[in-house]
Amino acid sequence: MARELLGWRVVSRIQGIRTSGRIVETEAYIGAHDPACHGAAGRTRRNRTMFGPPGLAYVYFIYGMHWCFNVVTGREGDPEAVLIRALEPLEGLDAMEHRRGRRRDLTNGPARLCQALGIDGTLDGHPLDRAPLVLEPPDSPPAPAPVGVSGRIGIRKARDWPLRFFLTTSSHLSSGPHLEAAPESVMRP
DNA sequence: CGGTGGATTCTCT
DNA sequence: GAGAATCCACCGA
């Protein structure tokens, strides 16, 4: 599902402002046997949405100041989700710039894209087939694009599991030292 | 450009 | 009380 979601669009309508972006980078968190998955240690108040039915938004707060947005993908009871790590901005660029307080680096990072689209904890558990936060499929047929795979970013446990997926030609991927940290783990299907 | 450390709050042990 | 699926300002080259 993490690979499949590349090319889909995330559309938000927050405070009457429409913003959207195309998914270019994702990470998979694959359930109770995945040590890096929030659901690995069982159901808690924080991660309960992960255990719900697929199609919900799992939004969690991290590092004292950031929100991150996941798409719940597992069956009810299975804590599986896809973290949306980067978008290509499409609509509402001015609103994104205003929310982010800068004109670059609007959506290249999981917390950055949440800030740009106005996503916060009030949307945790929201079904993604309706406003104010909607997941839309790509235009059919989707243009073929090379997909890169690497280890996941910013975690300690199971860091080398090849569960990060990205459109290699995108100029909107998450930046920083992480991207170059493990070039040998990047492969082309 | 790369490296470093601070911000800041919530959750669970 | 530790640590977290992060970001940003700042530093030096």
# chains A, B, ... in the order shown; residues from 1 in each chain; ligands from 1
>>> interface_residues(of="chain A", to="chain C", cutoff="10 Å", atoms="only C-alpha atoms (C1' of nucleotides)", output="list of chain:residue names")
A:Glu27, A:Ala28, A:Tyr29, A:Ala36, A:Cys37, A:His38, A:Tyr60, A:Phe61, A:Ile62, A:Tyr63, A:Gly64, A:Met65, A:His66, A:Trp67, A:Cys68, A:Phe69, A:Asn70, A:Leu83, A:Arg85, A:Gly109, A:Pro110, A:Ala111, A:Arg112, A:Arg152, A:Ile153, A:Gly154, A:Ile155, A:Arg156
>>> select_by_dssp(residues="segment 22-129 of chain A", states="helix (DSSP H, G or I)", output="PyMOL selection string")
chain A and resi 38-41+48-51+93-100+110-117+121-123
>>> closest_atom_pairs(of="chain B", to="chain A", cutoff="8 Å", atoms="only C-alpha atoms (C1' of nucleotides)", output="Markdown table")
| residue | atom | partner | partner_atom | distance |
| --- | --- | --- | --- | --- |
| B:DG2 | C1' | A:Pro177 | CA | 7.9 |
| B:DA7 | C1' | A:Gly64 | CA | 7.9 |
| B:DT8 | C1' | A:Gly64 | CA | 4.3 |
| B:DT9 | C1' | A:Gly64 | CA | 4.0 |
| B:DC10 | C1' | A:Gly64 | CA | 6.9 |
| B:DT11 | C1' | A:Arg46 | CA | 7.2 |
>>> atom_distance(atom1="atom CA of Leu87 of chain A", atom2="atom CA of Asp105 of chain A")
10.3 Å
>>> atom_distance(atom1="atom CA of Leu106 of chain A", atom2="atom CA of Arg22 of chain A")
12.6 Å
>>> residues_around(residues="Val72 of chain A", least_positions_apart="2", cutoff="7 Å", atoms="only C-alpha atoms (C1' of nucleotides)", output="list in words")
Met50, Pro54, Gly55, Leu56, Ala57, Tyr58, Asn70, Gly74, Glu80, Ala81 and Val82 of chain A
>>> atom_distance(atom1="atom CA of Gly151 of chain A", atom2="atom CA of Ile84 of chain A")
14.8 Å
>>> residues_around(residues="Pro89 of chain A", least_positions_apart="4", cutoff="7 Å", atoms="only C-alpha atoms (C1' of nucleotides)", output="PyMOL selection string")
chain A and resi 20-22+93+107
>>> write_last_selection(atoms="all heavy atoms", output="compact mmCIF listing (two decimals), in the first residue's frame")
# COMPACT_ATOMS: atom_id res chain seq x y z
N SER A 20 -3.73 21.13 -1.55
CA SER A 20 -3.56 19.74 -1.96
C SER A 20 -2.13 19.49 -2.41
O SER A 20 -1.38 20.42 -2.73
CB SER A 20 -4.53 19.38 -3.09
OG SER A 20 -4.16 20.02 -4.30
N GLY A 21 -1.78 18.21 -2.43
CA GLY A 21 -0.45 17.81 -2.88
C GLY A 21 -0.47 16.36 -3.34
O GLY A 21 -1.35 15.58 -2.96
N ARG A 22 0.53 16.05 -4.15
CA ARG A 22 0.67 14.69 -4.70
C ARG A 22 1.70 13.94 -3.86
O ARG A 22 2.78 14.46 -3.57
CB ARG A 22 1.13 14.82 -6.15
CG ARG A 22 1.36 13.55 -6.89
CD ARG A 22 1.59 13.93 -8.37
NE ARG A 22 2.21 12.85 -9.12
CZ ARG A 22 3.51 12.77 -9.35
NH1 ARG A 22 4.33 13.70 -8.91
NH2 ARG A 22 3.99 11.75 -10.05
N LEU A 93 -0.86 27.08 -2.70
CA LEU A 93 0.53 27.37 -2.35
C LEU A 93 0.66 28.57 -1.42
O LEU A 93 1.49 28.58 -0.51
CB LEU A 93 1.36 27.63 -3.62
CG LEU A 93 1.91 26.43 -4.41
CD1 LEU A 93 3.12 25.85 -3.70
CD2 LEU A 93 0.88 25.36 -4.65
N THR A 107 6.34 21.10 1.86
CA THR A 107 5.72 19.79 2.12
C THR A 107 6.71 18.64 2.01
O THR A 107 6.30 17.49 1.85
CB THR A 107 4.56 19.53 1.13
OG1 THR A 107 5.05 19.64 -0.21
CG2 THR A 107 3.44 20.52 1.34
>>> select_by_dssp(residues="segment 133-170 of chain A", states="strand (DSSP E or B)", output="PyMOL selection string")
chain A and resi 133-136+147-150+164-167
>>> write_last_selection(atoms="C-alpha atoms", output="PDB file, in the first residue's frame")
ATOM      1  CA  LEU A 133      -9.406  15.655   4.423  1.00  0.00           C
ATOM      2  CA  VAL A 134      -9.654  13.486   1.320  1.00  0.00           C
ATOM      3  CA  LEU A 135      -7.419  10.952  -0.376  1.00  0.00           C
ATOM      4  CA  GLU A 136      -7.893  10.950  -4.165  1.00  0.00           C
ATOM      5  CA  VAL A 147      10.124   4.079  -7.496  1.00  0.00           C
ATOM      6  CA  GLY A 148      13.046   4.015  -5.081  1.00  0.00           C
ATOM      7  CA  VAL A 149      13.182   1.968  -1.905  1.00  0.00           C
ATOM      8  CA  SER A 150      15.241   2.556   1.227  1.00  0.00           C
ATOM      9  CA  ARG A 164      10.387   3.706   2.525  1.00  0.00           C
ATOM     10  CA  PHE A 165       9.145   4.342  -1.014  1.00  0.00           C
ATOM     11  CA  PHE A 166       9.622   7.434  -3.145  1.00  0.00           C
ATOM     12  CA  LEU A 167       9.328   8.705  -6.718  1.00  0.00           C
TER      13      LEU A 167
END
>>> residues_around(residues="Thr49 of chain A", least_positions_apart="2", cutoff="7 Å", atoms="only C-alpha atoms (C1' of nucleotides)", output="PyMOL selection string")
chain A and resi 47+51-52+58+125
>>> decode(residues="segment 27-61 of chain A", atoms="N, CA and C atoms", output="JSON list (two decimals), in the first residue's frame")
[["chain", "number", "residue", "atom", "x", "y", "z"],
["A", 27, "GLU", "N", 6.19, 5.81, 3.96],
["A", 27, "GLU", "CA", 6.83, 4.75, 4.74],
["A", 27, "GLU", "C", 5.76, 3.81, 5.27],
["A", 28, "ALA", "N", 6.08, 2.51, 5.26],
["A", 28, "ALA", "CA", 5.13, 1.51, 5.75],
["A", 28, "ALA", "C", 5.46, 1.11, 7.18],
["A", 29, "TYR", "N", 4.44, 0.98, 7.98],
["A", 29, "TYR", "CA", 4.55, 0.44, 9.34],
["A", 29, "TYR", "C", 3.58, -0.73, 9.41],
["A", 30, "ILE", "N", 4.15, -1.93, 9.57],
["A", 30, "ILE", "CA", 3.43, -3.12, 9.13],
["A", 30, "ILE", "C", 2.95, -4.03, 10.24],
["A", 31, "GLY", "N", 2.58, -3.45, 11.39],
["A", 31, "GLY", "CA", 1.82, -4.22, 12.35],
["A", 31, "GLY", "C", 2.56, -4.69, 13.58],
["A", 32, "ALA", "N", 1.96, -5.62, 14.26],
["A", 32, "ALA", "CA", 2.42, -6.02, 15.59],
["A", 32, "ALA", "C", 3.83, -6.58, 15.59],
["A", 33, "HIS", "N", 4.29, -7.14, 14.46],
["A", 33, "HIS", "CA", 5.62, -7.73, 14.41],
["A", 33, "HIS", "C", 6.68, -6.74, 13.94],
["A", 34, "ASP", "N", 6.27, -5.49, 13.70],
["A", 34, "ASP", "CA", 7.20, -4.43, 13.27],
["A", 34, "ASP", "C", 7.60, -3.61, 14.49],
["A", 35, "PRO", "N", 8.86, -3.74, 14.95],
["A", 35, "PRO", "CA", 9.24, -3.06, 16.20],
["A", 35, "PRO", "C", 9.11, -1.55, 16.14],
["A", 36, "ALA", "N", 9.15, -0.97, 14.95],
["A", 36, "ALA", "CA", 9.05, 0.48, 14.82],
["A", 36, "ALA", "C", 7.61, 0.97, 14.75],
["A", 37, "CYS", "N", 6.69, 0.05, 14.67],
["A", 37, "CYS", "CA", 5.27, 0.43, 14.53],
["A", 37, "CYS", "C", 4.69, 0.81, 15.88],
["A", 38, "HIS", "N", 3.95, 1.92, 15.91],
["A", 38, "HIS", "CA", 3.35, 2.35, 17.17],
["A", 38, "HIS", "C", 2.44, 1.28, 17.77],
["A", 39, "GLY", "N", 1.89, 0.42, 16.93],
["A", 39, "GLY", "CA", 0.97, -0.59, 17.43],
["A", 39, "GLY", "C", 1.65, -1.85, 17.93],
["A", 40, "ALA", "N", 2.98, -1.89, 17.86],
["A", 40, "ALA", "CA", 3.69, -3.13, 18.19],
["A", 40, "ALA", "C", 3.53, -3.51, 19.66],
["A", 41, "ALA", "N", 3.37, -2.52, 20.52],
["A", 41, "ALA", "CA", 3.28, -2.81, 21.96],
["A", 41, "ALA", "C", 1.83, -2.91, 22.42],
["A", 42, "GLY", "N", 0.93, -3.02, 21.49],
["A", 42, "GLY", "CA", -0.48, -3.14, 21.86],
["A", 42, "GLY", "C", -1.23, -1.83, 21.75],
["A", 43, "ARG", "N", -2.52, -1.92, 21.95],
["A", 43, "ARG", "CA", -3.38, -0.76, 21.77],
["A", 43, "ARG", "C", -3.24, 0.20, 22.95],
["A", 44, "THR", "N", -3.08, 1.47, 22.64],
["A", 44, "THR", "CA", -3.06, 2.53, 23.67],
["A", 44, "THR", "C", -3.96, 3.66, 23.21],
["A", 45, "ARG", "N", -4.10, 4.65, 24.05],
["A", 45, "ARG", "CA", -4.95, 5.77, 23.66],
["A", 45, "ARG", "C", -4.38, 6.47, 22.43],
["A", 46, "ARG", "N", -3.05, 6.59, 22.41],
["A", 46, "ARG", "CA", -2.43, 7.30, 21.31],
["A", 46, "ARG", "C", -2.62, 6.58, 19.97],
["A", 47, "ASN", "N", -2.44, 5.26, 19.95],
["A", 47, "ASN", "CA", -2.39, 4.56, 18.67],
["A", 47, "ASN", "C", -3.70, 3.85, 18.31],
["A", 48, "ARG", "N", -4.75, 4.11, 19.04],
["A", 48, "ARG", "CA", -5.97, 3.31, 18.84],
["A", 48, "ARG", "C", -6.50, 3.40, 17.41],
["A", 49, "THR", "N", -6.30, 4.54, 16.74],
["A", 49, "THR", "CA", -6.81, 4.66, 15.38],
["A", 49, "THR", "C", -6.17, 3.65, 14.44],
["A", 50, "MET", "N", -4.89, 3.35, 14.71],
["A", 50, "MET", "CA", -4.18, 2.36, 13.87],
["A", 50, "MET", "C", -4.88, 1.00, 13.87],
["A", 51, "PHE", "N", -5.56, 0.69, 14.95],
["A", 51, "PHE", "CA", -6.23, -0.61, 15.07],
["A", 51, "PHE", "C", -7.62, -0.59, 14.45],
["A", 52, "GLY", "N", -8.04, 0.55, 13.97],
["A", 52, "GLY", "CA", -9.36, 0.67, 13.39],
["A", 52, "GLY", "C", -9.39, 0.18, 11.95],
["A", 53, "PRO", "N", -10.50, 0.39, 11.27],
["A", 53, "PRO", "CA", -10.63, -0.07, 9.88],
["A", 53, "PRO", "C", -9.74, 0.75, 8.94],
["A", 54, "PRO", "N", -9.41, 0.20, 7.77],
["A", 54, "PRO", "CA", -8.59, 0.95, 6.81],
["A", 54, "PRO", "C", -9.34, 2.16, 6.27],
["A", 55, "GLY", "N", -8.55, 3.14, 5.82],
["A", 55, "GLY", "CA", -9.16, 4.33, 5.25],
["A", 55, "GLY", "C", -9.28, 5.49, 6.21],
["A", 56, "LEU", "N", -8.84, 5.28, 7.45],
["A", 56, "LEU", "CA", -8.87, 6.37, 8.43],
["A", 56, "LEU", "C", -7.54, 7.12, 8.42],
["A", 57, "ALA", "N", -7.58, 8.36, 8.86],
["A", 57, "ALA", "CA", -6.36, 9.13, 9.09],
["A", 57, "ALA", "C", -5.87, 8.86, 10.51],
["A", 58, "TYR", "N", -4.62, 8.41, 10.62],
["A", 58, "TYR", "CA", -3.98, 8.29, 11.93],
["A", 58, "TYR", "C", -3.01, 9.47, 12.06],
["A", 59, "VAL", "N", -3.36, 10.42, 12.91],
["A", 59, "VAL", "CA", -2.55, 11.63, 13.09],
["A", 59, "VAL", "C", -2.02, 11.64, 14.52],
["A", 60, "TYR", "N", -0.71, 11.70, 14.66],
["A", 60, "TYR", "CA", -0.12, 11.68, 16.00],
["A", 60, "TYR", "C", 0.83, 12.86, 16.18],
["A", 61, "PHE", "N", 1.07, 13.17, 17.44],
["A", 61, "PHE", "CA", 1.90, 14.31, 17.84],
["A", 61, "PHE", "C", 3.28, 13.81, 18.26]]
